[in-house]
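Structure first, then comments.
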Number of protein chains: 2
Amino acid sequence: MSTKNSGSLNFRGTRDWFGDEMRWRKSIVSTIENVFESFGFEPLETPILETMKTLTGKYGEEGEMKLFRLTGNGTDIRRGGLRYDHTVPLARAVALNWNRLIMPYRRYAIGPVFRNESTQAGRFRQFYQCDFDTIGSDSLLVDAEIPTMNYRVLTALGFPVGSFQILVNDRRLLNALARYIEADDNQMLEIFRAWDKLEKVDRESVRKELLDKGLSFRLVSAFDRLTDVLQNATELSATDSLAKISSAMNTPEVTSAVRVVDDLFSYISASGVPPWAVRFYPLLARGLDYYTGPIFETSAGELGSITGGGRFDQLIGQLGGPDLPASGSSFGLERLMVVLEELELKPEFVKPADVFVTVFDQQNPQLIRSSFELASSLRQAGFRVEVYTGSNARLGKQLDICRRKNIPVALIVGEEEISSGNVAVKNMVSSRSGGNQSIIPKKELETFVAGLLG
Amino acid sequence: MSTKNSGSLNFRGTRDWFGDEMRWRKSIVSTIENVFESFGFEPLETPILETMKTLTGKYGEEGEMKLFRLTGNGTDIRRGGLRYDHTVPLARAVALNWNRLIMPYRRYAIGPVFRNESTQAGRFRQFYQCDFDTIGSDSLLVDAEIPTMNYRVLTALGFPVGSFQILVNDRRLLNALARYIEADDNQMLEIFRAWDKLEKVDRESVRKELLDKGLSFRLVSAFDRLTDVLQNATELSATDSLAKISSAMNTPEVTSAVRVVDDLFSYISASGVPPWAVRFYPLLARGLDYYTGPIFETSAGELGSITGGGRFDQLIGQLGGPDLPASGSSFGLERLMVVLEELELKPEFVKPADVFVTVFDQQNPQLIRSSFELASSLRQAGFRVEVYTGSNARLGKQLDICRRKNIPVALIVGEEEISSGNVAVKNMVSSRSGGNQSIIPKKELETFVAGLLG
């Protein structure tokens, strides 16, 4: 079967996850879940199917284009689509259930989201997001937990010192600064988007873009002077940087926003996040329009961004629920795996089972029963045991399969072993060159195998 | 907000899984995964999106009607749909990757499948299936593992002795019996379907249905006599029942099929499945057309069927891969949960965190920092800790939240505690009537809390 024909069988922009990759992914998910739960967050799973009424009008024009819609028998089907993220489904679920949830409601969600992306850019149309959010509190304590939890997840995954940095800013500070240069709400959004680009695009092109978008020459010059102050501030500690901004743009609104960010940093540090891992970055703006307070993004240097999040106090109200404040963060799982691989943190050797029980003669029911009995008693003792269930393979081929599967111990029960009450044990790690077989009495088997597994 | 308006926000036939229910479901999934892995099965996750080419022509006319199709921007989107089960995606993934898989390939898959069902019947359109299958071996050892694994999963979930029974039959035996009464292939399928109904519908209506379907009077009478033999056989042990069938319908084909089922039972029993848990049921037929060998179904008595499966040797070939034999089984997760609940095996008390740290004064940065520091050090010690992150709640209300969340321990750090190096610990399990507070030096806190948690 040619690769080309094969490829067309997969839906474009999706992939299969086989054993090793899947086991690795599961272990990452489990690490993330443990951190989320160590902060008392509860799991919530919302369905993959949502109504288009819930999905539309939340993701902007570009997002809207990427929604998958359903079709099939029945008119209500055509009113359905696939979830695009975990945030809008959370808002929908809270809007439906807020009166029986204990506030603040702290939930996490890990699962696939769906976007009709151009697959040419190497993007997937189904990928995993890992979110945590707190609903129903406007307290800064909620926001302080976000970088703390990001930090705990990344260190639990093995990210070494200096391999990432959590950038922190606040939309209210950005608003205050934009108002300081007398930009209106629309101009503000253009300026925020321009700041987000400054790491990739030079100042001159950003200036040009803003002028093209209709911002006045006066405003763009003010933007420019402000950018100078902010860019210089990014090199300083949070406290020094905030002091500098506050003294340069001394309005009550700026001063008040600065104080909030200062408190935020004090709580983050009280939670044990070391200074290298978190940084006030006054140019951080984050694309999405719905942020209303602190915003966060974790940068893994040249490897790009691995988390994003912030406060979004108006989304639940939009979904028909009460006007509940909310704040949270999201990890992109596939992105995280790429970075872990680049950092050489992908585990090398994964064994799908501890023990491989051969079947000496597949035509001999007595020998088959002995292999099954042996496997069963080892499983009761807690080992993961595969019995060879293929047909017509000689012992050599069976041991070869065991070796290729990285299973470290192989057992053989032939007629001789049955009559003597023994089992032949092969150490498959040391026996690549052959040999290394021990004959062990059945009652000592568990201890011996445990010893081989280390 | 009225319930009626709320309801319309959920896509029909889907549901949200909140904390307690979700934690319970996760613990069940984890138990199932552990059993699957103890048999050396590997995880495989296929995408939720598949091409319609893969999905169509596999599920019969009725299944085809229940497929969800995609629509959106781009013509290839309209060639996509949502997976209907895990079996066809497995066959597709193997057809694409068989040359790099080690055979026999043993995989499990746990995740949602999608069916455009009538929601009036209380059916869900998104529900979880837990499948395991072995590809690439026609050995009876593969089939023998199926009821063994079903048994291990159910006992691991706490199903008591006698609460379920795994019914076993073989399509080849059914074929041999149908040929004994000289039914052709189409008549055979009608007869199989009739047998599947015999537990719910009386003999007379089944006879009528078969005559209506065009089966001759001679054939229906033969079916009737055969059914008598099989129904009497269901009350016997597998060996006696098989012997009875073999002597009543003494053709070489029947004899050979009987021998296979007899071996199968011998291997199942060698794997430690007790006689009460597994039963030869010669009337079991299973609706799906694609079964070619042993078939299985677990009955939980009046609570209905909780697993189904069998050998399907021709499906991979249909998906364009080589003609690989396959056999496996599926658990319906929601169905399993209903039965567990009926059996009163649903855990009552789940705590979302071990410790709840109050914030004595939400306006006092020093007190906030102390609460965060305390929470952080307890998490380092392995506890799951929620800090109260709501706003403006007095201590009494915070403790009330802790109580409603079933968190067993609450901590208080006020100014007095900070200056004395102590923490106030409330045992929330015993303190429903108030009281039961201890003042503990910080360095003894972990041991004290661990003691309270038992």
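Every chain in the structure tokens has a letter given in the order shown (A, B, ...), and although residue numbers restart at 1 in each chain, ligands are simply numbered from 1 in the order shown.
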Mobile chain B placed on reference chain A by ordered C-alpha fit, as a compact mmCIF listing (two decimals) with C-alpha atoms, in the first residue's frame:
# COMPACT_ATOMS: atom_id res chain seq x y z
CA MET B 1 0.06 0.03 -0.14
CA SER B 2 1.60 3.34 -1.17
CA THR B 3 2.06 6.14 1.35
CA LYS B 4 0.13 8.48 -0.90
CA ASN B 5 -3.02 6.37 -0.90
CA SER B 6 -2.65 5.78 2.81
CA GLY B 7 -2.47 9.47 3.62
CA SER B 8 -5.85 10.13 2.13
CA LEU B 9 -7.44 7.80 4.70
CA ASN B 10 -6.68 10.20 7.59
CA PHE B 11 -8.83 13.31 7.83
CA ARG B 12 -6.51 16.22 6.96
CA GLY B 13 -5.02 17.97 9.98
CA THR B 14 -5.48 15.03 12.35
CA ARG B 15 -3.11 12.34 13.56
CA ASP B 16 -3.12 9.00 15.37
CA TRP B 17 -1.32 8.59 18.69
CA PHE B 18 0.31 5.17 18.98
CA GLY B 19 1.69 3.43 22.08
CA ASP B 20 4.93 5.23 23.00
CA GLU B 21 3.75 8.71 22.00
CA MET B 22 0.40 8.17 23.66
CA ARG B 23 1.93 6.84 26.89
CA TRP B 24 4.21 9.87 26.96
CA ARG B 25 1.27 12.21 26.36
CA LYS B 26 -0.75 10.47 29.07
CA SER B 27 2.09 10.88 31.55
CA ILE B 28 2.27 14.61 30.76
CA VAL B 29 -1.49 14.99 31.17
CA SER B 30 -1.32 13.15 34.46
CA THR B 31 1.45 15.47 35.72
CA ILE B 32 -0.59 18.52 34.73
CA GLU B 33 -3.73 17.13 36.39
CA ASN B 34 -1.83 16.45 39.60
CA VAL B 35 -0.62 20.06 39.76
CA PHE B 36 -4.10 21.41 39.00
CA GLU B 37 -5.57 19.17 41.72
CA SER B 38 -2.87 20.14 44.19
CA PHE B 39 -4.38 23.63 43.98
CA GLY B 40 -7.88 22.28 44.62
CA PHE B 41 -9.14 22.66 41.05
CA GLU B 42 -11.87 20.22 40.00
CA PRO B 43 -12.25 18.49 36.66
CA LEU B 44 -15.05 19.59 34.32
CA GLU B 45 -15.70 17.92 31.00
CA THR B 46 -17.97 19.73 28.61
CA PRO B 47 -19.16 18.02 25.44
CA ILE B 48 -17.35 18.32 22.12
CA LEU B 49 -20.70 19.23 20.53
CA GLU B 50 -22.03 22.72 21.29
CA THR B 51 -24.80 24.76 19.69
CA MET B 52 -23.71 27.32 17.11
CA LYS B 53 -25.55 29.88 19.23
CA THR B 54 -23.00 29.28 21.99
CA LEU B 55 -20.03 29.20 19.64
CA THR B 56 -20.64 32.22 17.44
CA GLY B 57 -19.79 35.82 18.28
CA LYS B 58 -17.02 34.88 20.74
CA TYR B 59 -13.85 34.39 18.71
CA GLY B 60 -13.80 37.38 16.36
CA GLU B 61 -14.02 37.24 12.59
CA GLU B 62 -10.98 35.03 12.12
CA GLY B 63 -12.10 32.51 14.74
CA GLU B 64 -15.62 32.35 13.33
CA MET B 65 -14.19 31.20 9.98
CA LYS B 66 -12.50 28.29 11.74
CA LEU B 67 -15.61 26.81 13.34
CA PHE B 68 -16.60 23.28 12.34
CA ARG B 69 -20.35 22.94 11.88
CA LEU B 70 -22.39 19.73 11.92
CA THR B 71 -24.75 18.34 9.35
CA GLY B 72 -26.79 15.14 9.31
CA ASN B 73 -30.36 13.99 9.87
CA GLY B 74 -32.55 16.39 11.85
CA THR B 75 -32.71 20.17 11.87
CA ASP B 76 -31.20 20.55 15.36
CA ILE B 77 -28.02 18.88 14.11
CA ARG B 78 -27.43 21.80 11.78
CA ARG B 79 -27.50 24.10 14.79
CA GLY B 80 -24.47 22.28 16.26
CA GLY B 81 -20.72 22.66 15.95
CA LEU B 82 -17.47 21.48 17.52
CA ARG B 83 -15.94 23.25 20.49
CA TYR B 84 -13.20 25.72 19.56
CA ASP B 85 -11.67 26.09 23.02
CA HIS B 86 -12.52 25.28 26.68
CA THR B 87 -13.31 28.85 27.73
CA VAL B 88 -16.62 29.41 25.95
CA PRO B 89 -17.96 25.94 26.94
CA LEU B 90 -16.96 26.75 30.54
CA ALA B 91 -18.85 30.04 30.35
CA ARG B 92 -21.85 28.18 28.89
CA ALA B 93 -21.75 25.46 31.57
CA VAL B 94 -21.47 28.07 34.34
CA ALA B 95 -24.27 30.16 32.83
CA LEU B 96 -26.45 27.01 33.07
CA ASN B 97 -25.37 25.85 36.53
CA TRP B 98 -24.08 28.86 38.46
CA ASN B 99 -26.78 28.54 41.11
CA ARG B 100 -25.57 25.10 42.20
CA LEU B 101 -21.83 25.80 42.00
CA ILE B 102 -19.85 26.89 45.06
CA MET B 103 -18.11 30.19 44.26
CA PRO B 104 -15.36 30.79 43.51
CA TYR B 105 -15.68 27.84 41.13
CA ARG B 106 -12.27 26.43 40.22
CA ARG B 107 -12.17 23.96 37.38
CA TYR B 108 -9.73 22.46 34.94
CA ALA B 109 -10.43 20.95 31.53
CA ILE B 110 -8.12 18.82 29.40
CA GLY B 111 -9.26 17.64 26.01
CA PRO B 112 -9.34 18.19 22.28
CA VAL B 113 -10.54 21.40 20.63
CA PHE B 114 -11.25 21.79 16.94
CA ARG B 115 -10.25 24.46 14.47
CA ASN B 116 -10.68 24.48 10.74
CA GLU B 117 -7.12 25.70 10.15
CA SER B 118 -5.08 25.76 7.00
CA THR B 119 -3.14 22.52 7.33
CA GLN B 120 -0.35 23.85 5.13
CA ALA B 121 1.09 25.72 8.10
CA GLY B 122 1.60 22.33 9.78
CA ARG B 123 -1.29 23.11 12.08
CA PHE B 124 -3.60 20.48 13.46
CA ARG B 125 -7.35 20.73 13.24
CA GLN B 126 -7.80 18.67 16.40
CA PHE B 127 -5.42 19.41 19.27
CA TYR B 128 -5.39 19.29 23.06
CA GLN B 129 -5.72 22.25 25.38
CA CYS B 130 -5.24 22.06 29.16
CA ASP B 131 -7.08 24.89 30.89
CA PHE B 132 -7.68 25.98 34.45
CA ASP B 133 -9.96 28.87 35.41
CA THR B 134 -11.53 30.41 38.48
CA ILE B 135 -15.03 31.83 38.15
CA GLY B 136 -16.81 34.20 40.50
CA SER B 137 -14.02 36.16 42.12
CA ASP B 138 -12.44 39.48 41.19
CA SER B 139 -9.72 39.00 43.80
CA LEU B 140 -6.09 39.43 42.78
CA LEU B 141 -5.39 36.15 44.60
CA VAL B 142 -6.98 34.30 41.70
CA ASP B 143 -4.69 36.02 39.22
CA ALA B 144 -1.65 35.36 41.41
CA GLU B 145 -2.35 31.61 41.23
CA ILE B 146 -2.10 31.60 37.43
CA PRO B 147 1.67 32.12 37.00
CA THR B 148 2.21 30.03 40.14
CA MET B 149 0.37 27.08 38.61
CA ASN B 150 2.07 27.60 35.26
CA TYR B 151 5.40 27.50 37.07
CA ARG B 152 4.50 24.36 39.04
CA VAL B 153 3.36 22.51 35.92
CA LEU B 154 6.50 23.33 33.97
CA THR B 155 8.89 22.40 36.78
CA ALA B 156 6.89 19.19 37.44
CA LEU B 157 7.41 18.35 33.75
CA GLY B 158 11.15 18.79 34.21
CA PHE B 159 11.71 22.22 32.62
CA PRO B 160 15.09 23.33 34.01
CA VAL B 161 15.97 26.71 35.53
CA GLY B 162 16.00 29.38 32.83
CA SER B 163 14.22 27.33 30.17
CA PHE B 164 11.07 29.45 30.33
CA GLN B 165 9.79 32.77 31.61
CA ILE B 166 6.25 33.74 32.54
CA LEU B 167 5.52 37.22 31.23
CA VAL B 168 3.04 39.28 33.26
CA ASN B 169 1.20 42.47 32.44
CA ASP B 170 -2.21 44.00 33.14
CA ARG B 171 -4.75 45.25 30.64
CA ARG B 172 -5.74 48.01 33.05
CA LEU B 173 -2.18 49.31 33.03
CA LEU B 174 -2.19 49.19 29.23
CA ASN B 175 -5.54 50.99 29.21
CA ALA B 176 -4.19 53.65 31.57
CA LEU B 177 -1.12 54.15 29.39
CA ALA B 178 -3.17 54.33 26.20
CA ARG B 179 -5.43 56.90 27.82
CA TYR B 180 -2.31 58.80 28.92
CA ILE B 181 -1.48 59.30 25.25
CA GLU B 182 -5.17 60.06 24.63
CA ALA B 183 -6.01 57.06 22.44
CA ASP B 184 -9.69 56.04 22.23
CA ASP B 185 -10.92 52.44 22.69
CA ASN B 186 -10.42 51.33 19.07
CA GLN B 187 -7.02 53.00 18.79
CA MET B 188 -6.12 51.28 22.06
CA LEU B 189 -6.74 47.83 20.56
CA GLU B 190 -4.60 48.70 17.53
CA ILE B 191 -1.82 49.84 19.84
CA PHE B 192 -2.08 46.66 21.98
CA ARG B 193 -1.80 44.50 18.88
CA ALA B 194 1.21 46.52 17.75
CA TRP B 195 2.93 45.94 21.09
CA ASP B 196 2.36 42.20 20.85
CA LYS B 197 4.23 42.21 17.55
CA LEU B 198 7.27 44.17 18.74
CA GLU B 199 9.29 41.03 19.51
CA LYS B 200 9.02 39.90 15.90
CA VAL B 201 8.66 43.12 13.85
CA ASP B 202 10.82 46.24 13.92
CA ARG B 203 9.55 49.53 15.32
CA GLU B 204 9.49 51.27 11.95
CA SER B 205 7.03 48.79 10.37
CA VAL B 206 4.82 48.97 13.47
CA ARG B 207 4.77 52.80 13.20
CA LYS B 208 3.85 52.52 9.52
CA GLU B 209 1.08 50.00 10.23
CA LEU B 210 -0.45 52.26 12.87
CA LEU B 211 -0.39 55.26 10.52
CA ASP B 212 -1.96 53.11 7.78
CA LYS B 213 -4.69 52.10 10.23
CA GLY B 214 -5.58 55.80 10.53
CA LEU B 215 -3.92 56.74 13.84
CA SER B 216 -2.81 60.37 13.86
CA PHE B 217 0.84 61.33 13.57
CA ARG B 218 0.58 62.85 17.04
CA LEU B 219 -0.73 59.57 18.50
CA VAL B 220 1.90 57.44 16.77
CA SER B 221 4.64 59.70 18.09
CA ALA B 222 3.19 59.42 21.57
CA PHE B 223 3.00 55.62 21.12
CA ASP B 224 6.65 55.73 20.12
CA ARG B 225 7.79 57.67 23.16
CA LEU B 226 5.74 55.39 25.40
CA THR B 227 7.20 52.30 23.75
CA ASP B 228 10.66 53.64 24.52
CA VAL B 229 9.82 53.88 28.20
CA LEU B 230 8.26 50.40 28.23
CA GLN B 231 11.05 48.77 26.27
CA ASN B 232 13.64 50.20 28.63
CA ALA B 233 11.51 49.03 31.56
CA THR B 234 11.49 45.39 30.36
CA GLU B 235 15.13 45.05 31.33
CA LEU B 236 14.53 46.00 34.98
CA SER B 237 13.10 44.12 37.96
CA ALA B 238 9.32 44.33 38.28
CA THR B 239 9.52 46.86 41.13
CA ASP B 240 12.02 49.14 39.35
CA SER B 241 10.21 48.84 36.06
CA LEU B 242 6.85 49.71 37.66
CA ALA B 243 8.40 52.66 39.51
CA LYS B 244 9.87 53.97 36.28
CA ILE B 245 6.55 53.76 34.43
CA SER B 246 4.72 55.33 37.33
CA SER B 247 7.08 58.31 37.51
CA ALA B 248 7.18 58.80 33.72
CA MET B 249 3.37 58.67 33.27
CA ASN B 250 2.16 60.03 36.53
CA THR B 251 -1.68 59.82 36.27
CA PRO B 252 -3.90 58.45 39.08
CA GLU B 253 -5.03 55.63 36.75
CA VAL B 254 -1.45 54.58 35.96
CA THR B 255 -0.47 54.77 39.65
CA SER B 256 -3.39 52.61 40.69
CA ALA B 257 -2.71 49.99 37.97
CA VAL B 258 0.98 49.95 38.93
CA ARG B 259 0.06 49.23 42.56
CA VAL B 260 -2.04 46.22 41.50
CA VAL B 261 0.79 44.71 39.45
CA ASP B 262 3.17 45.29 42.35
CA ASP B 263 0.85 43.40 44.74
CA LEU B 264 0.44 40.66 42.17
CA PHE B 265 4.22 40.13 42.06
CA SER B 266 4.40 40.05 45.83
CA TYR B 267 1.78 37.22 45.99
CA ILE B 268 3.41 35.28 43.17
CA SER B 269 6.71 35.36 45.00
CA ALA B 270 5.01 34.32 48.30
CA SER B 271 3.83 31.19 46.44
CA GLY B 272 7.41 30.15 45.88
CA VAL B 273 7.94 31.20 42.27
CA PRO B 274 11.61 32.22 41.93
CA PRO B 275 12.48 35.58 40.30
CA TRP B 276 13.94 34.03 37.12
CA ALA B 277 10.63 32.34 36.26
CA VAL B 278 8.38 35.37 36.22
CA ARG B 279 8.85 38.80 34.68
CA PHE B 280 6.87 42.01 34.36
CA TYR B 281 6.73 42.68 30.64
CA PRO B 282 4.90 45.97 30.02
CA LEU B 283 4.71 45.37 26.25
CA LEU B 284 2.72 42.15 26.62
CA ALA B 285 -0.81 42.73 25.30
CA ARG B 286 -2.28 39.32 24.17
CA GLY B 287 -4.41 39.33 21.05
CA LEU B 288 -7.81 38.37 22.43
CA ASP B 289 -10.14 41.29 23.01
CA TYR B 290 -11.87 39.85 26.05
CA TYR B 291 -9.11 40.30 28.67
CA THR B 292 -9.93 42.83 31.37
CA GLY B 293 -7.13 42.54 34.00
CA PRO B 294 -3.83 40.69 34.51
CA ILE B 295 -2.54 38.85 31.43
CA PHE B 296 0.07 36.11 31.20
CA GLU B 297 2.12 34.33 28.60
CA THR B 298 4.90 31.80 29.08
CA SER B 299 7.75 32.14 26.67
CA ALA B 300 10.16 29.25 26.08
CA GLY B 301 12.59 31.58 24.31
CA GLU B 302 13.09 30.69 20.67
CA LEU B 303 10.74 27.73 21.09
CA GLY B 304 7.82 30.13 21.33
CA SER B 305 4.88 30.54 23.66
CA ILE B 306 3.58 27.58 25.69
CA THR B 307 0.86 29.11 27.89
CA GLY B 308 -1.46 32.05 27.66
CA GLY B 309 -4.15 33.46 29.87
CA GLY B 310 -5.54 36.25 31.95
CA ARG B 311 -8.63 37.77 33.47
CA PHE B 312 -11.83 37.89 31.41
CA ASP B 313 -14.59 39.37 33.54
CA GLN B 314 -17.28 39.81 30.92
CA LEU B 315 -17.56 36.48 29.10
CA ILE B 316 -20.01 34.57 31.36
CA GLY B 317 -22.49 37.43 31.18
CA GLN B 318 -22.33 37.26 27.39
CA LEU B 319 -23.44 33.61 27.53
CA GLY B 320 -26.63 34.54 29.38
CA GLY B 321 -25.39 33.85 32.90
CA PRO B 322 -24.94 36.42 35.66
CA ASP B 323 -22.04 38.81 35.26
CA LEU B 324 -19.37 36.64 36.93
CA PRO B 325 -15.69 37.62 36.96
CA ALA B 326 -13.26 34.97 35.67
CA SER B 327 -9.55 34.38 35.21
CA GLY B 328 -7.51 31.46 33.92
CA SER B 329 -4.84 30.01 31.70
CA SER B 330 -4.30 27.45 28.98
CA PHE B 331 -1.47 25.08 28.01
CA GLY B 332 -1.21 23.84 24.43
CA LEU B 333 -0.36 20.16 24.86
CA GLU B 334 1.18 19.42 21.44
CA ARG B 335 3.22 22.64 21.65
CA LEU B 336 4.41 21.63 25.13
CA MET B 337 5.48 18.23 23.78
CA VAL B 338 7.47 19.86 20.97
CA VAL B 339 9.31 22.03 23.51
CA LEU B 340 9.92 19.08 25.88
CA GLU B 341 11.40 17.18 22.97
CA GLU B 342 13.64 20.14 22.04
CA LEU B 343 14.78 20.30 25.66
CA GLU B 344 15.57 16.55 25.46
CA LEU B 345 13.04 15.82 28.20
CA LYS B 346 11.24 13.12 26.25
CA PRO B 347 11.64 9.74 28.01
CA GLU B 348 13.58 7.28 25.88
CA PHE B 349 12.60 3.85 27.04
CA VAL B 350 9.00 2.94 27.76
CA LYS B 351 8.06 -0.63 28.40
CA PRO B 352 4.51 -1.60 27.44
CA ALA B 353 4.61 -4.55 29.88
CA ASP B 354 6.93 -5.93 32.58
CA VAL B 355 6.82 -9.56 31.55
CA PHE B 356 6.30 -11.44 28.29
CA VAL B 357 5.03 -15.02 28.69
CA THR B 358 5.83 -17.19 25.70
CA VAL B 359 3.66 -20.09 24.58
CA PHE B 360 5.97 -23.02 23.99
CA ASP B 361 3.71 -24.94 21.63
CA GLN B 362 0.57 -23.27 20.32
CA GLN B 363 -0.95 -26.66 19.42
CA ASN B 364 -0.67 -28.03 22.96
CA PRO B 365 -3.65 -27.05 25.16
CA GLN B 366 -1.82 -28.08 28.33
CA LEU B 367 1.09 -25.73 27.60
CA ILE B 368 -1.29 -22.93 26.66
CA ARG B 369 -3.13 -23.34 29.96
CA SER B 370 0.17 -23.24 31.88
CA SER B 371 1.17 -19.98 30.21
CA PHE B 372 -2.21 -18.45 30.98
CA GLU B 373 -2.07 -19.62 34.61
CA LEU B 374 1.39 -18.17 35.04
CA ALA B 375 0.39 -14.82 33.50
CA SER B 376 -2.70 -14.67 35.67
CA SER B 377 -0.80 -15.24 38.92
CA LEU B 378 1.82 -12.61 37.97
CA ARG B 379 -0.91 -10.07 37.19
CA GLN B 380 -2.46 -10.75 40.59
CA ALA B 381 0.93 -9.85 42.04
CA GLY B 382 0.79 -6.50 40.24
CA PHE B 383 2.91 -7.12 37.16
CA ARG B 384 1.86 -6.07 33.66
CA VAL B 385 2.02 -9.27 31.64
CA GLU B 386 1.60 -9.96 27.95
CA VAL B 387 1.06 -13.53 26.84
CA TYR B 388 2.14 -14.22 23.27
CA THR B 389 -1.16 -14.58 21.47
CA GLY B 390 0.07 -14.76 17.89
CA SER B 391 -0.18 -17.99 15.96
CA ASN B 392 2.43 -20.49 14.81
CA ALA B 393 5.55 -18.65 15.92
CA ARG B 394 8.55 -20.55 17.20
CA LEU B 395 10.13 -19.55 20.50
CA GLY B 396 12.91 -17.56 18.80
CA LYS B 397 10.43 -15.37 16.96
CA GLN B 398 8.40 -14.84 20.14
CA LEU B 399 11.51 -13.70 22.02
CA ASP B 400 12.31 -11.41 19.14
CA ILE B 401 8.88 -9.78 19.49
CA CYS B 402 9.48 -9.39 23.23
CA ARG B 403 12.79 -7.68 22.50
CA ARG B 404 11.33 -5.33 19.87
CA LYS B 405 8.60 -4.35 22.34
CA ASN B 406 11.21 -3.45 24.99
CA ILE B 407 9.66 -5.87 27.49
CA PRO B 408 12.53 -6.63 29.90
CA VAL B 409 11.61 -10.14 31.07
CA ALA B 410 10.50 -13.20 29.08
CA LEU B 411 9.21 -16.43 30.63
CA ILE B 412 9.19 -19.90 29.11
CA VAL B 413 7.10 -22.83 30.36
CA GLY B 414 7.74 -26.02 28.42
CA GLU B 415 6.88 -29.59 29.41
CA GLU B 416 10.15 -29.93 31.30
CA GLU B 417 9.41 -26.84 33.37
CA ILE B 418 5.85 -27.99 34.13
CA SER B 419 6.98 -31.37 35.41
CA SER B 420 9.76 -29.86 37.53
CA GLY B 421 7.68 -26.92 38.84
CA ASN B 422 10.10 -24.39 37.38
CA VAL B 423 9.97 -21.49 34.95
CA ALA B 424 12.73 -20.41 32.58
CA VAL B 425 13.34 -16.67 32.94
CA LYS B 426 15.17 -14.66 30.29
CA ASN B 427 16.63 -11.26 31.12
CA MET B 428 15.93 -9.53 27.81
CA VAL B 429 17.87 -6.38 28.64
CA SER B 430 21.16 -8.17 29.13
CA SER B 431 20.51 -10.93 26.61
CA ARG B 432 20.64 -9.02 23.36
CA SER B 433 23.65 -11.13 22.52
CA GLY B 434 21.71 -14.26 23.54
CA GLY B 435 21.90 -16.22 26.80
CA ASN B 436 21.28 -15.07 30.37
CA GLN B 437 18.54 -17.54 31.16
CA SER B 438 17.76 -18.73 34.69
CA ILE B 439 15.66 -21.67 35.82
CA ILE B 440 13.59 -20.52 38.79
CA PRO B 441 11.20 -22.49 41.06
CA LYS B 442 7.67 -21.15 40.55
CA LYS B 443 7.25 -20.00 44.13
CA GLU B 444 10.37 -17.81 43.88
CA LEU B 445 9.34 -16.34 40.52
CA GLU B 446 7.70 -13.11 41.69
CA THR B 447 10.68 -12.10 43.81
CA PHE B 448 13.11 -12.98 41.03
CA VAL B 449 11.17 -11.03 38.39
CA ALA B 450 10.80 -8.04 40.72
CA GLY B 451 14.57 -8.12 41.16
CA LEU B 452 15.17 -8.10 37.40
CA LEU B 453 12.80 -5.16 36.97
CA GLY B 454 14.75 -3.25 39.61
Exercise for the section: May I have all residues of stretch 207-435 of chain A that DSSP, computed from the backbone, assigns to strand (DSSP E or B), given as number ranges by chain? Expected result: A: 278-280, 294-299, 305-311, 326-332, 355-357, 385-387, 409-412, 422-427
Exercise for the section: Please return as JSON, numbers by chain: the residues of stretch 124-196 of chain A that backbone DSSP assigns to alpha helix (DSSP H). Expected result: {"A": [140, 141, 142, 143, 144, 145, 146, 147, 148, 149, 150, 151, 152, 153, 154, 155, 156, 171, 172, 173, 174, 175, 176, 177, 178, 179, 180, 185, 186, 187, 188, 189, 190, 191, 192, 193, 194, 195, 196]}
